[in-house]
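Chemist: This is the structure I want to talk about, given as structure tokens.
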Amino acid sequence: MLQRNRLPVFFAISLVFSLPKAVHAESITVNGPWYEFSFAQVGQDASGCFPADANGIDCIPSPSGNSVSAGTAPWVYTSQSDTVLTVTDVSLRGDAFEVFDNGVSIGTTPTVATGGGCGDDPVPCLADPLVSHKSFLLAPGNSSIAIQPTAILAPGSAYFQVETVPEPSTIFLNAIGLPAFFALSRKQRPPGKKRGEAP
């Protein structure tokens, strides 16, 4: 009778614990809500917000209901067209961030003076010129987003959002307005002719 070779129990256990751990990435929705993330230390990757990310802090959600808690970083998505990633600080002014896509830095939000705040809603904070924020244009394909604070007042939270870039035709329609477009595109009948009448 053949006897199967078996690994010693201690060796098998050691092998299991020595295997590399899988990196969990959280999928995000393009043209979706604002995603709130948390940070604690300059130069250290930001986390999501607890409890969506067990390693994150317990964030204060936007009072407008326009956000969700980000899960575990990195935050990934796939797009067939160009996208714009917007990152903005909230609450007290003074935090700034470096943004990475697939491990490569794509830029930083500006360093700003400390003092005052803009509340906990990312929309008015994005409109505040004294708050650190920036939009980044990303090419189509797979993106894996990570964010590191470059300046912080204290551990806190901030937001990001990903939106597709409108097609040129959409920009044109928005510029002239749909009623004007239909007025321009409507075929004009010769004067004095009724509908259905031969020319």
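Chain labels A, B, ... are given in the sequence in which chains occur in the structure tokens; within each chain residues are numbered consecutively from 1, and ligands are likewise numbered from 1 in the order shown.
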If we count only C-alpha atoms and set the cut-off at 8 Å, which residues sit around A:Gln44, ignoring sequence neighbours fewer than 5 positions away in its own chain? Please answer as a ChimeraX atom specification.
Modeler: /A:39,148-149
Chemist: Applying 8 Å and only C-alpha atoms, which residues near A:Thr109 remain after dropping the ones on its own chain fewer than 5 positions away? List them as a PDB file with N, CA and C atoms, in the first residue's frame.
Modeler:
```pdb
ATOM      1  N   VAL A  87     -10.493  66.076  -5.637  1.00  0.00           N
ATOM      2  CA  VAL A  87     -10.191  65.865  -4.220  1.00  0.00           C
ATOM      3  C   VAL A  87     -10.336  67.203  -3.508  1.00  0.00           C
ATOM      4  N   ALA A  96      -3.680  69.266   3.044  1.00  0.00           N
ATOM      5  CA  ALA A  96      -3.384  69.163   1.612  1.00  0.00           C
ATOM      6  C   ALA A  96      -2.985  67.723   1.313  1.00  0.00           C
ATOM      7  N   PHE A  97      -3.049  67.338   0.018  1.00  0.00           N
ATOM      8  CA  PHE A  97      -2.923  65.917  -0.327  1.00  0.00           C
ATOM      9  C   PHE A  97      -2.124  65.702  -1.608  1.00  0.00           C
ATOM     10  N   GLU A  98      -1.458  64.549  -1.668  1.00  0.00           N
ATOM     11  CA  GLU A  98      -0.852  64.054  -2.898  1.00  0.00           C
ATOM     12  C   GLU A  98      -1.678  62.865  -3.370  1.00  0.00           C
ATOM     13  N   SER A 132      -7.994  73.673   0.298  1.00  0.00           N
ATOM     14  CA  SER A 132      -7.147  72.918  -0.638  1.00  0.00           C
ATOM     15  C   SER A 132      -7.985  71.906  -1.410  1.00  0.00           C
ATOM     16  N   HIS A 133      -7.999  72.054  -2.726  1.00  0.00           N
ATOM     17  CA  HIS A 133      -8.706  71.104  -3.586  1.00  0.00           C
ATOM     18  C   HIS A 133      -8.137  71.191  -4.997  1.00  0.00           C
ATOM     19  N   LYS A 134      -8.352  70.131  -5.777  1.00  0.00           N
ATOM     20  CA  LYS A 134      -7.854  70.099  -7.153  1.00  0.00           C
ATOM     21  C   LYS A 134      -8.541  68.976  -7.909  1.00  0.00           C
TER      22      LYS A 134
END
```
Chemist: If DSSP is run on the backbone, what residues of stretch 15-151 of chain A are strand (DSSP E or B)? A reply as JSON, numbers by chain would be ideal.
Modeler: {"A": [26, 27, 34, 35, 36, 37, 38, 39, 47, 49, 57, 67, 68, 69, 75, 76, 77, 78, 79, 83, 84, 85, 86, 87, 88, 89, 92, 96, 97, 98, 99, 100, 101, 104, 105, 106, 107, 108, 117, 133, 134, 135, 136, 137, 138, 141, 142, 143, 144, 145, 146, 147, 148, 149, 150, 151]}
Chemist: For the residues in that selection, give me C-alpha atoms as a compact mmCIF listing (two decimals), in the first residue's frame.
Modeler:
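Listing of again.txt after writing:
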```txt
# COMPACT_ATOMS: atom_id res chain seq x y z
CA GLU A 26 -12.47 48.93 -2.99
CA SER A 27 -14.47 49.52 -6.19
CA TRP A 34 -18.65 61.89 -3.03
CA TYR A 35 -16.45 59.39 -1.16
CA GLU A 36 -15.27 60.39 2.30
CA PHE A 37 -11.82 59.16 3.37
CA SER A 38 -9.79 59.61 6.55
CA PHE A 39 -6.16 60.45 7.25
CA SER A 47 -7.88 55.08 4.73
CA CYS A 49 -13.98 55.76 7.07
CA ILE A 57 -11.53 56.81 11.73
CA SER A 67 -21.58 61.23 0.22
CA VAL A 68 -20.74 57.71 1.33
CA SER A 69 -17.87 56.36 3.40
CA TRP A 75 -10.01 52.80 -4.62
CA VAL A 76 -10.40 51.30 -8.07
CA TYR A 77 -12.60 51.79 -11.11
CA THR A 78 -12.57 51.18 -14.88
CA SER A 79 -13.73 53.73 -17.44
CA THR A 83 -12.46 60.89 -16.13
CA VAL A 84 -11.91 63.74 -13.70
CA LEU A 85 -10.91 62.91 -10.13
CA THR A 86 -11.66 65.77 -7.73
CA VAL A 87 -10.19 65.87 -4.22
CA THR A 88 -11.21 68.45 -1.63
CA ASP A 89 -10.52 69.07 2.01
CA LEU A 92 -10.85 73.20 9.11
CA ALA A 96 -3.38 69.16 1.61
CA PHE A 97 -2.92 65.92 -0.33
CA GLU A 98 -0.85 64.05 -2.90
CA VAL A 99 -2.82 61.78 -5.25
CA PHE A 100 -1.60 58.55 -6.84
CA ASP A 101 -2.99 56.49 -9.71
CA VAL A 104 2.32 56.93 -9.72
CA SER A 105 1.90 60.44 -8.34
CA ILE A 106 -0.43 62.53 -10.51
CA GLY A 107 -0.11 65.73 -8.49
CA THR A 108 -0.97 67.51 -5.27
CA GLY A 117 -13.36 76.28 7.98
CA HIS A 133 -8.71 71.10 -3.59
CA LYS A 134 -7.85 70.10 -7.15
CA SER A 135 -9.20 68.13 -10.13
CA PHE A 136 -7.06 65.62 -12.03
CA LEU A 137 -7.73 64.40 -15.59
CA LEU A 138 -7.26 60.63 -15.97
CA GLY A 141 -8.65 52.35 -18.48
CA ASN A 142 -8.13 50.92 -15.01
CA SER A 143 -7.42 53.35 -12.20
CA SER A 144 -6.27 52.57 -8.67
CA ILE A 145 -6.41 55.65 -6.49
CA ALA A 146 -4.45 56.28 -3.29
CA ILE A 147 -4.16 59.56 -1.40
CA GLN A 148 -1.54 60.75 1.08
CA PRO A 149 -1.77 63.92 3.17
CA THR A 150 1.12 66.35 2.65
CA ALA A 151 -0.04 68.71 5.40
```
Chemist: Would you pick out the contacts of A:Val131 at 12 Å or less, using only C-alpha atoms, so that residues sharing its chain but fewer than 5 positions from it are not included, and give the list as a list in words?
Modeler: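 So the residues in contact are Val87, Thr88, Asp89, Val90, Ser91, Leu92, Arg93, Gly94, Asp95, Ala96, Phe97, Thr109, Pro110, Thr111, Val112, Ala113, Thr114, Gly115, Gly116, Gly117, Cys118, Gly119, Pro122, Val123, Pro124, Cys125, Leu126 and Ala158 of chain A.
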Chemist: Output the selection as a short mmCIF file (atom, residue, chain, number, x, y, z; two decimals), in the first residue's frame - C-alpha atoms for each residue.
Modeler:
```
data_model
loop_
_atom_site.label_atom_id
_atom_site.label_comp_id
_atom_site.auth_asym_id
_atom_site.auth_seq_id
_atom_site.Cartn_x
_atom_site.Cartn_y
_atom_site.Cartn_z
CA VAL A 87 -10.19 65.87 -4.22
CA THR A 88 -11.21 68.45 -1.63
CA ASP A 89 -10.52 69.07 2.01
CA VAL A 90 -13.40 69.87 4.38
CA SER A 91 -13.91 71.26 7.86
CA LEU A 92 -10.85 73.20 9.11
CA ARG A 93 -8.61 74.67 6.41
CA GLY A 94 -4.97 73.63 6.18
CA ASP A 95 -4.90 69.99 5.03
CA ALA A 96 -3.38 69.16 1.61
CA PHE A 97 -2.92 65.92 -0.33
CA THR A 109 -3.66 69.80 -3.99
CA PRO A 110 -2.26 73.24 -3.07
CA THR A 111 -0.87 74.13 0.32
CA VAL A 112 -3.17 76.66 1.97
CA ALA A 113 -3.13 78.84 5.05
CA THR A 114 -4.72 77.55 8.21
CA GLY A 115 -7.62 79.24 9.92
CA GLY A 116 -11.36 79.02 9.65
CA GLY A 117 -13.36 76.28 7.98
CA CYS A 118 -15.95 75.44 5.36
CA GLY A 119 -18.16 72.89 7.12
CA PRO A 122 -17.69 68.80 0.06
CA VAL A 123 -19.67 71.00 -2.39
CA PRO A 124 -19.31 74.37 -0.62
CA CYS A 125 -15.79 73.41 0.45
CA LEU A 126 -14.88 72.83 -3.20
CA ALA A 158 -11.76 64.75 3.21
#
```
Chemist: What is the distance between atom CA of A:Ser157 and atom CA of A:Ile60, in Å to one decimal?
Modeler: 8.0 Å
Chemist: So what do you get for atom CA of A:Ile28 versus atom CA of A:Ala127, distance-wise?
Modeler: 23.5 Å
Chemist: Could you tell me how far atom CA of A:Pro74 sits from atom CA of A:Ala139, in Å to one decimal place?
Modeler: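 Going from atom CA of A:Ala139 over to atom CA of A:Pro74, I get 17.7 Å.
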Chemist: Hey, which of A:Ala25, A:Gly32, A:Ile152, A:Asn66 ends up closest to A:Asp53? Count only C-alpha atoms.
Modeler: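 The shortest atom-to-atom distance to A:Asp53 comes from A:Ala25.
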Chemist: Nearest to A:Glu167: which of A:Thr72, A:Thr29, A:Ser81, A:Asn102 is it, counting only C-alpha atoms?
Modeler: A:Ser81
